[in-house]
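Pasting protein-v4.csv here (CSV, C-alpha atoms):
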chain,number,residue,atom,x,y,z
W,1,MET,CA,11.5,-19.9,11.6
W,2,ARG,CA,7.8,-20.9,11.7
W,3,VAL,CA,4.9,-20.5,14.1
W,4,LYS,CA,4.0,-24.0,15.4
W,5,SER,CA,1.0,-22.8,17.4
W,6,LEU,CA,-1.0,-19.7,18.4
W,7,GLU,CA,-3.3,-19.5,21.4
W,8,VAL,CA,-5.4,-16.4,22.3
W,9,HIS,CA,-7.7,-16.0,25.3
W,10,ASN,CA,-10.0,-13.0,25.7
W,11,PHE,CA,-8.1,-11.1,23.0
W,12,ARG,CA,-10.1,-8.6,21.0
W,13,ASN,CA,-13.3,-10.5,20.0
W,14,TYR,CA,-11.9,-14.0,20.6
W,15,GLN,CA,-12.8,-15.8,23.8
W,16,SER,CA,-10.5,-18.8,23.2
W,17,VAL,CA,-8.8,-20.0,20.0
W,18,ARG,CA,-5.9,-22.3,19.2
W,19,ILE,CA,-4.4,-22.9,15.8
W,20,GLU,CA,-1.5,-25.1,14.6
W,21,PRO,CA,-0.5,-23.7,11.2
W,22,GLY,CA,1.6,-25.5,8.6
W,23,SER,CA,4.7,-24.1,7.1
W,24,GLY,CA,3.0,-22.7,4.0
W,25,VAL,CA,0.1,-20.2,3.5
W,26,THR,CA,-2.6,-20.0,6.1
W,27,VAL,CA,-5.7,-18.0,5.0
W,28,PHE,CA,-8.3,-16.3,7.2
W,29,THR,CA,-11.3,-15.3,5.1
W,30,GLY,CA,-14.7,-13.8,5.8
W,31,PRO,CA,-16.6,-10.5,5.9
W,32,ASN,CA,-15.1,-7.4,7.4
W,33,ALA,CA,-15.1,-6.7,11.1
W,34,GLN,CA,-15.3,-10.4,12.1
W,35,GLY,CA,-11.8,-10.7,13.6
W,36,LYS,CA,-9.4,-11.7,10.7
W,37,THR,CA,-6.9,-8.9,11.4
W,38,ASN,CA,-7.0,-9.7,15.2
W,39,ILE,CA,-5.2,-13.0,14.5
W,40,LEU,CA,-2.3,-11.2,12.8
W,41,GLU,CA,-2.3,-8.6,15.5
W,42,ALA,CA,-1.9,-11.4,18.1
W,43,ILE,CA,1.2,-12.7,16.3
W,44,HIS,CA,2.6,-9.2,16.0
W,45,LEU,CA,2.1,-8.6,19.7
W,46,CYS,CA,4.4,-11.6,20.4
W,47,CYS,CA,7.0,-10.2,17.9
W,48,LEU,CA,7.3,-6.7,19.4
W,49,GLY,CA,5.2,-6.6,22.6
W,50,ARG,CA,2.8,-4.1,21.1
W,51,SER,CA,-0.1,-3.8,18.7
W,52,HIS,CA,0.4,-2.3,15.2
W,53,ARG,CA,-3.0,-0.7,15.5
W,54,THR,CA,-3.2,0.9,18.9
W,55,PRO,CA,-0.7,2.0,21.7
W,56,ARG,CA,-3.4,1.3,24.3
W,57,ASP,CA,-3.0,-2.3,25.5
W,58,GLU,CA,-6.4,-2.2,27.2
W,59,GLU,CA,-8.1,-2.1,23.8
W,60,LEU,CA,-6.8,-5.6,23.1
W,61,ILE,CA,-8.7,-7.1,26.0
W,62,ARG,CA,-12.1,-8.6,25.1
W,63,TRP,CA,-15.0,-6.5,26.1
W,64,GLY,CA,-16.2,-7.2,29.6
W,65,GLU,CA,-13.0,-9.1,30.6
W,66,THR,CA,-10.2,-7.9,32.8
W,67,SER,CA,-7.3,-9.8,31.2
W,68,ALA,CA,-6.1,-11.3,28.0
W,69,ARG,CA,-3.4,-13.8,27.0
W,70,VAL,CA,-1.6,-14.6,23.8
W,71,THR,CA,0.9,-17.5,23.4
W,72,THR,CA,3.0,-18.2,20.4
W,73,LYS,CA,5.3,-21.2,19.9
W,74,THR,CA,7.9,-21.0,17.2
W,75,GLU,CA,10.3,-23.5,15.7
W,76,GLN,CA,13.8,-22.1,14.9
W,77,ARG,CA,17.2,-23.5,14.1
W,78,ASP,CA,18.1,-23.6,17.8
W,79,GLY,CA,14.9,-25.2,18.9
W,80,THR,CA,11.4,-24.3,20.1
W,81,HIS,CA,10.7,-20.8,21.5
W,82,GLU,CA,7.6,-19.9,23.5
W,83,VAL,CA,6.4,-16.3,24.1
W,84,THR,CA,3.4,-15.4,26.2
W,85,VAL,CA,2.0,-11.8,26.5
W,86,LEU,CA,-0.4,-11.2,29.4
W,87,LEU,CA,-2.5,-8.0,29.5
W,88,ALA,CA,-4.5,-6.8,32.5
W,89,LYS,CA,-6.8,-3.9,33.4
W,90,GLY,CA,-6.6,-2.0,36.6
W,91,GLN,CA,-3.3,-3.5,37.8
W,92,LYS,CA,0.1,-1.9,38.5
W,93,ARG,CA,1.8,-4.2,36.0
W,94,ARG,CA,-0.5,-4.1,33.0
W,95,LYS,CA,1.6,-6.1,30.6
W,96,THR,CA,3.8,-9.1,31.4
W,97,VAL,CA,6.0,-11.0,28.9
W,98,LYS,CA,7.1,-14.5,29.5
W,99,ILE,CA,9.7,-16.3,27.5
W,100,GLY,CA,9.1,-20.0,28.2
W,101,SER,CA,8.4,-20.1,31.9
W,102,ARG,CA,10.6,-17.1,32.7
W,103,GLN,CA,9.2,-13.6,33.1
W,104,ALA,CA,11.1,-11.0,31.0
W,105,GLU,CA,12.5,-8.1,33.0
W,106,ARG,CA,12.8,-5.9,29.9
W,107,ILE,CA,10.8,-5.8,26.7
W,108,GLY,CA,14.0,-6.1,24.7
W,109,GLU,CA,14.4,-9.7,25.9
W,110,LEU,CA,11.3,-10.5,23.7
W,111,PHE,CA,12.9,-9.7,20.4
W,112,GLY,CA,14.0,-12.6,18.2
W,113,HIS,CA,11.8,-15.2,19.7
W,114,VAL,CA,9.0,-14.5,17.2
W,115,CYS,CA,10.2,-12.6,14.2
W,116,GLY,CA,7.7,-11.4,11.7
W,117,VAL,CA,7.0,-8.9,8.9
W,118,LEU,CA,3.5,-7.4,8.7
W,119,PHE,CA,1.9,-5.6,5.8
W,120,ALA,CA,-1.4,-3.9,6.9
W,121,PRO,CA,-3.4,-1.1,5.3
W,122,GLU,CA,-2.0,1.3,7.9
W,123,ASP,CA,1.5,0.8,6.4
W,124,LEU,CA,0.6,3.1,3.5
W,125,GLN,CA,1.4,5.9,6.0
W,126,ILE,CA,5.1,5.0,5.6
W,127,VAL,CA,5.0,6.7,2.2
W,128,LYS,CA,2.0,9.0,2.7
W,129,SER,CA,2.7,10.5,6.1
W,130,GLY,CA,5.5,12.5,7.7
W,131,PRO,CA,9.0,11.4,9.0
W,132,ALA,CA,7.7,10.0,12.3
W,133,GLU,CA,6.1,7.0,10.5
W,134,ARG,CA,9.3,6.2,8.6
W,135,ARG,CA,11.3,6.5,11.8
W,136,ARG,CA,8.8,4.1,13.4
W,137,PHE,CA,9.3,1.7,10.5
W,138,MET,CA,13.1,1.8,11.0
W,139,ASP,CA,12.8,1.3,14.7
W,140,MET,CA,10.4,-1.7,14.5
W,141,GLN,CA,12.6,-3.4,11.9
W,142,LEU,CA,15.9,-2.9,13.7
W,143,SER,CA,14.6,-3.6,17.2
W,144,GLN,CA,13.5,-7.1,16.1
W,145,LEU,CA,16.8,-7.9,14.6
W,146,ARG,CA,19.3,-6.1,16.9
W,147,PRO,CA,18.5,-5.8,20.6
W,148,ALA,CA,21.5,-3.4,21.0
W,149,TYR,CA,19.7,-1.0,18.7
W,150,PHE,CA,16.5,-1.1,20.8
W,151,TYR,CA,18.5,-0.3,24.0
W,152,ALA,CA,20.4,2.6,22.3
W,153,LEU,CA,17.0,3.9,21.1
W,154,GLN,CA,15.6,3.8,24.7
W,155,ARG,CA,18.7,5.7,26.0
W,156,ALA,CA,18.3,8.3,23.2
W,157,VAL,CA,14.6,8.9,24.1
W,158,ARG,CA,15.4,9.3,27.8
W,159,THR,CA,18.4,11.5,27.2
W,160,LEU,CA,16.4,13.7,24.7
W,161,ASN,CA,13.6,14.2,27.3
W,162,GLN,CA,16.1,15.0,30.0
W,163,ARG,CA,17.9,17.5,27.8
W,164,ASN,CA,14.6,19.2,26.8
W,165,ALA,CA,13.6,19.4,30.5
W,166,LEU,CA,17.0,21.0,31.3
W,167,LEU,CA,16.6,23.6,28.5
W,168,ARG,CA,13.3,24.6,30.2
W,169,GLU,CA,15.0,24.8,33.6
W,170,ILE,CA,17.8,26.9,32.2
W,171,ALA,CA,15.2,29.5,31.2
W,172,LYS,CA,14.5,29.8,35.0
W,173,ASP,CA,18.0,29.4,36.3
W,174,GLY,CA,20.8,30.3,33.9
W,175,ALA,CA,23.5,28.7,36.2
W,176,LEU,CA,22.3,25.2,35.0
W,177,ILE,CA,23.8,25.8,31.6
W,178,LYS,CA,27.1,24.4,32.7
W,179,THR,CA,25.5,20.9,32.9
W,180,LEU,CA,24.3,21.0,29.3
W,181,ASP,CA,27.6,19.7,27.9
W,182,LEU,CA,27.1,16.4,29.8
W,183,TRP,CA,23.7,15.8,28.1
W,184,ASP,CA,25.1,16.8,24.7
W,185,GLU,CA,27.8,14.1,25.1
W,186,GLN,CA,25.2,11.4,26.1
W,187,LEU,CA,22.9,12.4,23.3
W,188,ALA,CA,25.7,12.2,20.7
W,189,ASP,CA,26.9,8.8,22.1
W,190,CYS,CA,23.6,6.9,21.7
W,191,GLY,CA,22.7,8.9,18.6
W,192,ALA,CA,25.9,7.8,16.8
W,193,GLN,CA,25.0,4.1,17.5
W,194,ILE,CA,21.5,4.7,16.0
W,195,VAL,CA,22.9,6.4,13.0
W,196,LEU,CA,25.3,3.6,12.2
W,197,HIS,CA,22.5,1.0,12.4
W,198,ARG,CA,20.0,3.0,10.5
W,199,ARG,CA,22.5,3.9,7.7
W,200,GLU,CA,23.4,0.3,7.2
W,201,MET,CA,19.8,-0.9,7.3
W,202,VAL,CA,18.5,1.7,4.8
W,203,ALA,CA,21.3,0.9,2.4
W,204,LYS,CA,20.5,-2.8,2.4
W,205,LEU,CA,16.8,-2.2,2.4
W,206,GLY,CA,17.1,0.1,-0.6
W,207,GLN,CA,18.8,-2.6,-2.6
W,208,TYR,CA,16.2,-5.3,-1.8
W,209,ALA,CA,13.3,-2.9,-2.2
W,210,ALA,CA,14.5,-1.7,-5.6
W,211,GLN,CA,14.7,-5.3,-6.8
W,212,ALA,CA,11.3,-6.2,-5.5
W,213,HIS,CA,9.7,-3.1,-7.0
W,214,ALA,CA,11.2,-3.8,-10.4
W,215,SER,CA,9.7,-7.2,-10.3
W,216,LEU,CA,6.3,-6.0,-9.1
W,217,THR,CA,6.1,-3.3,-11.8
W,218,GLY,CA,7.7,-5.3,-14.6
W,219,GLY,CA,10.7,-3.0,-14.7
W,220,ARG,CA,8.6,0.0,-15.6
W,221,GLU,CA,9.3,1.9,-12.4
W,222,GLU,CA,12.5,2.6,-10.3
W,223,LEU,CA,12.2,2.8,-6.5
W,224,ARG,CA,15.0,4.5,-4.6
W,225,LEU,CA,15.5,4.8,-0.8
W,226,TRP,CA,18.1,6.9,1.0
W,227,TYR,CA,18.8,7.8,4.6
W,228,ILE,CA,18.2,11.4,5.8
W,229,SER,CA,20.0,12.4,8.9
W,230,GLN,CA,22.1,15.3,10.3
W,231,ALA,CA,24.9,12.8,10.4
W,232,ALA,CA,24.0,10.6,7.5
W,233,ASP,CA,27.3,11.0,5.6
W,234,ALA,CA,29.6,11.5,8.6
W,235,GLU,CA,32.6,9.3,9.1
W,236,ASP,CA,32.3,9.9,12.8
W,237,PRO,CA,28.6,10.4,13.6
W,238,ARG,CA,29.3,11.2,17.2
W,239,GLU,CA,31.5,14.1,16.4
W,240,ARG,CA,29.1,15.4,13.8
W,241,LEU,CA,26.2,15.3,16.2
W,242,LEU,CA,28.3,17.1,18.9
W,243,MET,CA,29.3,19.8,16.5
W,244,ARG,CA,25.7,20.4,15.4
W,245,LEU,CA,24.4,20.4,19.0
W,246,LYS,CA,27.0,23.1,19.9
W,247,ALA,CA,26.1,25.1,16.8
W,248,ALA,CA,22.4,25.0,17.6
W,249,ARG,CA,22.7,25.6,21.3
W,250,ALA,CA,21.6,29.3,21.2
W,251,GLU,CA,18.5,28.4,19.2
W,252,ASP,CA,17.7,25.4,21.4
W,253,LEU,CA,18.0,27.6,24.5
W,254,ARG,CA,15.7,30.2,23.0
W,255,ARG,CA,13.1,27.6,21.9
W,256,MET,CA,13.6,25.3,24.9
W,257,THR,CA,13.7,22.2,22.7
W,258,THR,CA,16.4,20.1,21.0
W,259,SER,CA,16.7,20.6,17.3
W,260,VAL,CA,19.6,18.2,16.6
W,261,GLY,CA,19.5,14.4,16.8
W,262,VAL,CA,18.2,11.2,15.5
W,263,HIS,CA,14.7,12.2,16.4
W,264,ARG,CA,14.8,14.2,13.2
W,265,ASP,CA,15.8,11.4,10.9
W,266,ASP,CA,13.9,10.2,7.9
W,267,ILE,CA,13.9,7.9,4.8
W,268,GLY,CA,13.7,9.5,1.4
W,269,ILE,CA,11.5,7.5,-1.0
W,270,SER,CA,11.3,8.3,-4.8
W,271,ILE,CA,9.7,6.6,-7.8
W,272,ASN,CA,11.3,7.4,-11.1
W,273,GLY,CA,13.1,10.2,-9.5
W,274,LYS,CA,10.0,11.9,-8.0
W,275,GLU,CA,9.2,12.1,-4.3
W,276,ALA,CA,6.7,9.3,-3.7
W,277,ARG,CA,4.9,11.1,-0.9
W,278,MET,CA,4.0,14.1,-3.2
W,279,PHE,CA,3.8,12.7,-6.7
W,280,ALA,CA,3.1,8.9,-6.6
W,281,SER,CA,-0.4,7.6,-7.2
W,282,GLN,CA,-2.3,5.5,-4.7
W,283,GLY,CA,-1.3,2.4,-6.6
W,284,GLN,CA,2.3,3.4,-6.8
W,285,GLN,CA,2.4,4.2,-3.1
W,286,ARG,CA,0.9,0.8,-2.3
W,287,SER,CA,3.5,-1.0,-4.6
W,288,ALA,CA,6.3,1.0,-2.9
W,289,VAL,CA,5.2,-0.1,0.6
W,290,LEU,CA,4.8,-3.7,-0.5
W,291,SER,CA,8.3,-3.5,-1.9
W,292,LEU,CA,9.5,-2.2,1.4
W,293,LYS,CA,7.9,-5.1,3.2
W,294,LEU,CA,9.3,-7.7,0.9
W,295,ALA,CA,12.7,-6.0,1.4
W,296,GLN,CA,12.2,-6.1,5.2
W,297,LEU,CA,11.5,-9.9,4.8
W,298,GLU,CA,14.7,-10.4,2.8
W,299,LEU,CA,16.8,-8.3,5.2
W,300,ALA,CA,15.5,-10.2,8.3
W,301,TRP,CA,16.2,-13.5,6.4
W,302,GLN,CA,19.8,-12.5,5.7
W,303,GLU,CA,20.5,-11.1,9.2
W,304,ARG,CA,18.9,-14.1,11.1
W,305,GLY,CA,19.9,-16.9,8.7
W,306,GLU,CA,16.2,-18.0,8.5
W,307,ALA,CA,13.0,-16.6,7.2
W,308,PRO,CA,10.7,-14.6,9.5
W,309,VAL,CA,6.9,-15.1,9.4
W,310,LEU,CA,5.1,-13.0,6.8
W,311,MET,CA,1.6,-11.5,7.6
W,312,LEU,CA,-0.5,-9.9,4.8
W,313,ASP,CA,-3.6,-8.1,6.0
W,314,ASP,CA,-6.2,-7.6,3.2
W,315,VAL,CA,-3.5,-6.9,0.6
W,316,MET,CA,-4.5,-8.9,-2.5
W,317,SER,CA,-7.8,-7.1,-3.3
W,318,GLU,CA,-5.9,-3.9,-3.9
W,319,LEU,CA,-3.3,-5.3,-6.3
W,320,ASP,CA,-3.7,-5.7,-10.0
W,321,PRO,CA,-3.3,-9.3,-11.4
W,322,GLY,CA,0.4,-8.8,-12.3
W,323,ARG,CA,1.4,-7.6,-8.9
W,324,ARG,CA,-0.7,-10.2,-7.2
W,325,ARG,CA,0.9,-13.0,-9.2
W,326,GLU,CA,4.4,-11.7,-8.4
W,327,LEU,CA,3.6,-11.5,-4.7
W,328,LEU,CA,2.1,-15.0,-4.7
W,329,GLU,CA,5.3,-16.4,-6.2
W,330,ARG,CA,7.3,-14.8,-3.4
W,331,ILE,CA,5.2,-15.9,-0.4
W,332,ASP,CA,5.6,-19.6,-1.4
W,333,ARG,CA,9.1,-19.5,0.2
W,334,VAL,CA,8.0,-18.5,3.7
W,335,GLN,CA,5.3,-19.3,6.3
W,336,THR,CA,2.6,-16.7,5.5
W,337,PHE,CA,-0.6,-15.7,7.2
W,338,VAL,CA,-3.1,-13.9,4.9
W,339,THR,CA,-6.5,-12.2,5.5
W,340,CYS,CA,-9.0,-11.6,2.7
W,341,THR,CA,-12.7,-11.2,2.1
W,342,ASP,CA,-12.7,-13.1,-1.2
W,343,ILE,CA,-10.8,-16.4,-1.4
W,344,SER,CA,-10.5,-16.0,-5.1
W,345,ASP,CA,-8.0,-13.2,-4.6
W,346,LEU,CA,-5.5,-16.0,-3.6
W,347,ALA,CA,-6.0,-18.1,-6.7
W,348,GLY,CA,-2.7,-19.7,-7.6
W,349,ALA,CA,-1.4,-19.7,-4.0
W,350,LYS,CA,-0.6,-23.0,-2.3
W,351,GLN,CA,-3.1,-22.7,0.5
W,352,GLU,CA,-2.2,-25.1,3.3
W,353,ALA,CA,-5.1,-24.2,5.5
W,354,VAL,CA,-8.2,-21.9,5.2
W,355,TYR,CA,-10.2,-20.6,8.2
W,356,HIS,CA,-13.5,-18.9,7.8
W,357,VAL,CA,-13.9,-16.2,10.4
W,358,ASP,CA,-17.3,-15.3,11.8
W,359,ASN,CA,-17.5,-13.0,14.9
W,360,GLY,CA,-14.4,-14.3,16.6
W,361,THR,CA,-15.0,-18.0,15.6
W,362,LEU,CA,-12.6,-19.9,13.3
W,363,THR,CA,-14.0,-22.7,11.2
W,364,PRO,CA,-11.5,-24.8,9.1
I need this file expressed as structure tokens, please.
Amino acid sequence: MRVKSLEVHNFRNYQSVRIEPGSGVTVFTGPNAQGKTNILEAIHLCCLGRSHRTPRDEELIRWGETSARVTTKTEQRDGTHEVTVLLAKGQKRRKTVKIGSRQAERIGELFGHVCGVLFAPEDLQIVKSGPAERRRFMDMQLSQLRPAYFYALQRAVRTLNQRNALLREIAKDGALIKTLDLWDEQLADCGAQIVLHRREMVAKLGQYAAQAHASLTGGREELRLWYISQAADAEDPRERLLMRLKAARAEDLRRMTTSVGVHRDDIGISINGKEARMFASQGQQRSAVLSLKLAQLELAWQERGEAPVLMLDDVMSELDPGRRRELLERIDRVQTFVTCTDISDLAGAKQEAVYHVDNGTLTP
């Protein structure tokens, strides 16, 4: 897959920009705070329907404007795909997604039309932060590749919220406890689907990430991933989740919240046998995340049968020469968008196009 064109109107600090990138490496260079990352954010918006930097869509609209538009055209094995995301302030429908000329009814319809892997400075939180960041990483990866996962995740979130609301109501009216079995069944049903997807994904991702990390570190370090879940090793995840929900019911009723389910899942990450979050240096954590992103690229390639787009936001300046060289060799295989402040950081890369960014203006 490759991006044929990108158009943005009133998006972040851009009034109107159109680019037609080639199939190789496209570079956006210039000082900080000029809008380099905003281009990658626009592509990411068409991948997942959301920004990787903020949950507030209004922040994506150019200052002083009431609406924004991003359109991406991609060329894939089955033809050309076009995705348009419209954002508006002060309207009932603040975000509209169009696939071609058709308006999508559900956000899940968007996935697959623009498939990308983004590595941004914020991604260090995958290693450094708590389980929520790693669950988000799993969810974003799987939602792009498997719409069935996204819909199961939506059902799980709704069911969890409804079960928690019921637990609070039971504290006021004990007779409602007889309805709890129904919500346990539904939570276990969608939870089991999510466990199966996540377990398979982490196993594959672990293999690819270990290989990438060995290359990046010259074989000096060993990266390991594993799936952490209350049903991680269960032959029947549904039955395991049901059993645990029943065992935890008294505690859940006392605390009025659900303690069992996929909302507690995590990914374990270790380097040379030590937990990366606690014991890895900043450089090691960065290499681990970069390995995860390269593994994400490989997994998407294998699942889809064609490469996704790779987006690297200010990555090169933080890598030592060896890791930088290894990364440059890998990005030659896929369409890549790179931001940097110093073009010399990309020495050795086959740069197909270079844009200088100055306050929302692109100059080839």
Using all atoms listed in the file, what residues lie at most 12 Å away from (17.6, 8.9, 8.0) (file coordinates), given as a PyMOL selection string? chain W and resi 131-139+191+194-203+225-233+261-269
Selection from above, C-alpha atoms, as a PDB file, in the frame of the given file, can you write it?
ATOM      1  CA  PRO W 131       9.000  11.400   9.000  1.00  0.00           C
ATOM      2  CA  ALA W 132       7.700  10.000  12.300  1.00  0.00           C
ATOM      3  CA  GLU W 133       6.100   7.000  10.500  1.00  0.00           C
ATOM      4  CA  ARG W 134       9.300   6.200   8.600  1.00  0.00           C
ATOM      5  CA  ARG W 135      11.300   6.500  11.800  1.00  0.00           C
ATOM      6  CA  ARG W 136       8.800   4.100  13.400  1.00  0.00           C
ATOM      7  CA  PHE W 137       9.300   1.700  10.500  1.00  0.00           C
ATOM      8  CA  MET W 138      13.100   1.800  11.000  1.00  0.00           C
ATOM      9  CA  ASP W 139      12.800   1.300  14.700  1.00  0.00           C
ATOM     10  CA  GLY W 191      22.700   8.900  18.600  1.00  0.00           C
ATOM     11  CA  ILE W 194      21.500   4.700  16.000  1.00  0.00           C
ATOM     12  CA  VAL W 195      22.900   6.400  13.000  1.00  0.00           C
ATOM     13  CA  LEU W 196      25.300   3.600  12.200  1.00  0.00           C
ATOM     14  CA  HIS W 197      22.500   1.000  12.400  1.00  0.00           C
ATOM     15  CA  ARG W 198      20.000   3.000  10.500  1.00  0.00           C
ATOM     16  CA  ARG W 199      22.500   3.900   7.700  1.00  0.00           C
ATOM     17  CA  GLU W 200      23.400   0.300   7.200  1.00  0.00           C
ATOM     18  CA  MET W 201      19.800  -0.900   7.300  1.00  0.00           C
ATOM     19  CA  VAL W 202      18.500   1.700   4.800  1.00  0.00           C
ATOM     20  CA  ALA W 203      21.300   0.900   2.400  1.00  0.00           C
ATOM     21  CA  LEU W 225      15.500   4.800  -0.800  1.00  0.00           C
ATOM     22  CA  TRP W 226      18.100   6.900   1.000  1.00  0.00           C
ATOM     23  CA  TYR W 227      18.800   7.800   4.600  1.00  0.00           C
ATOM     24  CA  ILE W 228      18.200  11.400   5.800  1.00  0.00           C
ATOM     25  CA  SER W 229      20.000  12.400   8.900  1.00  0.00           C
ATOM     26  CA  GLN W 230      22.100  15.300  10.300  1.00  0.00           C
ATOM     27  CA  ALA W 231      24.900  12.800  10.400  1.00  0.00           C
ATOM     28  CA  ALA W 232      24.000  10.600   7.500  1.00  0.00           C
ATOM     29  CA  ASP W 233      27.300  11.000   5.600  1.00  0.00           C
ATOM     30  CA  GLY W 261      19.500  14.400  16.800  1.00  0.00           C
ATOM     31  CA  VAL W 262      18.200  11.200  15.500  1.00  0.00           C
ATOM     32  CA  HIS W 263      14.700  12.200  16.400  1.00  0.00           C
ATOM     33  CA  ARG W 264      14.800  14.200  13.200  1.00  0.00           C
ATOM     34  CA  ASP W 265      15.800  11.400  10.900  1.00  0.00           C
ATOM     35  CA  ASP W 266      13.900  10.200   7.900  1.00  0.00           C
ATOM     36  CA  ILE W 267      13.900   7.900   4.800  1.00  0.00           C
ATOM     37  CA  GLY W 268      13.700   9.500   1.400  1.00  0.00           C
ATOM     38  CA  ILE W 269      11.500   7.500  -1.000  1.00  0.00           C
TER      39      ILE W 269
END
If I put a ball of radius 8 Å at (15.0, -6.2, 0.3) in the file's coordinates, which residues poke into it when counting all atoms listed in the file, written as an NGL selection string? :W and (204-212 or 291-299)
To one decimal place in Å, what is the distance between CA of Gln141 (chain W) and CA of Arg286 (chain W)? 18.9 Å
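Interatomic distance, CA of Leu6 (chain W) against CA of Phe28 (chain W): 13.8 Å.
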Would you mind telling me which residue in W:Glu222, W:Glu251, W:Glu82, W:Asp123 lies nearest to Ser270 (chain W) when using all atoms listed in the file? W:Glu222
So that I can see what lies close to Gln76 (chain W), please list as a list in words the residues with an atom at most 12 Å from it, counting all atoms listed in the file and leaving out residues fewer than 5 positions away in the same chain. Met1, Arg2, Val3, Lys4, His81, Glu82, Gly112, His113, Val114, Cys115, Arg304, Gly305, Glu306, Ala307, Pro308 and Val309 of chain W
Counting all atoms listed in the file, what are the residues of region 38-73 of chain W within 10 Å of region 323-347 of chain W, and for each of them which pair of atoms is the nearest and at what distance in Å, to one decimal? Sort the table by chain and rising number, as a Markdown table.
| residue | atom | partner | partner_atom | distance |
| --- | --- | --- | --- | --- |
| W:Ile39 | CA | W:Phe337 | CA | 9.0 |
| W:Leu40 | CA | W:Phe337 | CA | 7.4 |
| W:Ile43 | CA | W:Phe337 | CA | 9.7 |
Just-selected residues, C-alpha atoms written as a compact mmCIF listing (two decimals), in the coordinates of the input:
# COMPACT_ATOMS: atom_id res chain seq x y z
CA ILE W 39 -5.20 -13.00 14.50
CA LEU W 40 -2.30 -11.20 12.80
CA ILE W 43 1.20 -12.70 16.30
In Å, rounded to a single decimal, give me how far CA of Glu7 (chain W) is from CA of Lys73 (chain W). 8.9 Å
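Checking W:Leu45, W:Ile177, W:Asn13, W:Leu110 one by one against Arg62 (chain W), counting only C-alpha atoms, you find the shortest gap at W:Asn13.
Distance annotation: of W:Ala188, W:Ile99, W:Leu48, W:Leu223, the residue with the minimal separation from Ala152 (chain W) is W:Ala188; atom set is all atoms listed in the file.
For the choices W:Ala353, W:Val260, W:Leu176, W:Leu241, the atom-to-atom distance to Glu20 (chain W) is smallest for W:Ala353 when using all atoms listed in the file.
Closest approach to Ala247 (chain W) from the set W:Glu221, W:Glu41, W:Glu105, W:Asp184 is made by W:Asp184, with distances taken over all atoms listed in the file.
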With a distance cut-off of 12 Å and all atoms listed in the file, select the neighbouring residues of Leu60 (chain W), excluding the residue or stretch itself and same-chain residues fewer than 4 positions from it, and output the selection as an MDAnalysis selection string. chainID W and resid 8:15 35 38:39 41:42 45 50:56 64:70 85:89 94:95
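Take the candidates W:Glu352, W:Gly360, W:Leu180, W:Lys128 and check each one against Ser23 (chain W) using all atoms listed in the file; the shortest distance goes to W:Glu352.
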Skip Tyr151 (chain W) itself and residues of its chain fewer than 6 positions away, then list as a JSON list (two decimals) with C-alpha atoms, in the coordinates of the input all residues within 12 Å of it, counting all atoms listed in the file.
[["chain", "number", "residue", "atom", "x", "y", "z"],
["W", 106, "ARG", "CA", 12.80, -5.90, 29.90],
["W", 107, "ILE", "CA", 10.80, -5.80, 26.70],
["W", 108, "GLY", "CA", 14.00, -6.10, 24.70],
["W", 109, "GLU", "CA", 14.40, -9.70, 25.90],
["W", 111, "PHE", "CA", 12.90, -9.70, 20.40],
["W", 139, "ASP", "CA", 12.80, 1.30, 14.70],
["W", 142, "LEU", "CA", 15.90, -2.90, 13.70],
["W", 143, "SER", "CA", 14.60, -3.60, 17.20],
["W", 144, "GLN", "CA", 13.50, -7.10, 16.10],
["W", 157, "VAL", "CA", 14.60, 8.90, 24.10],
["W", 158, "ARG", "CA", 15.40, 9.30, 27.80],
["W", 190, "CYS", "CA", 23.60, 6.90, 21.70],
["W", 191, "GLY", "CA", 22.70, 8.90, 18.60],
["W", 193, "GLN", "CA", 25.00, 4.10, 17.50],
["W", 194, "ILE", "CA", 21.50, 4.70, 16.00]]
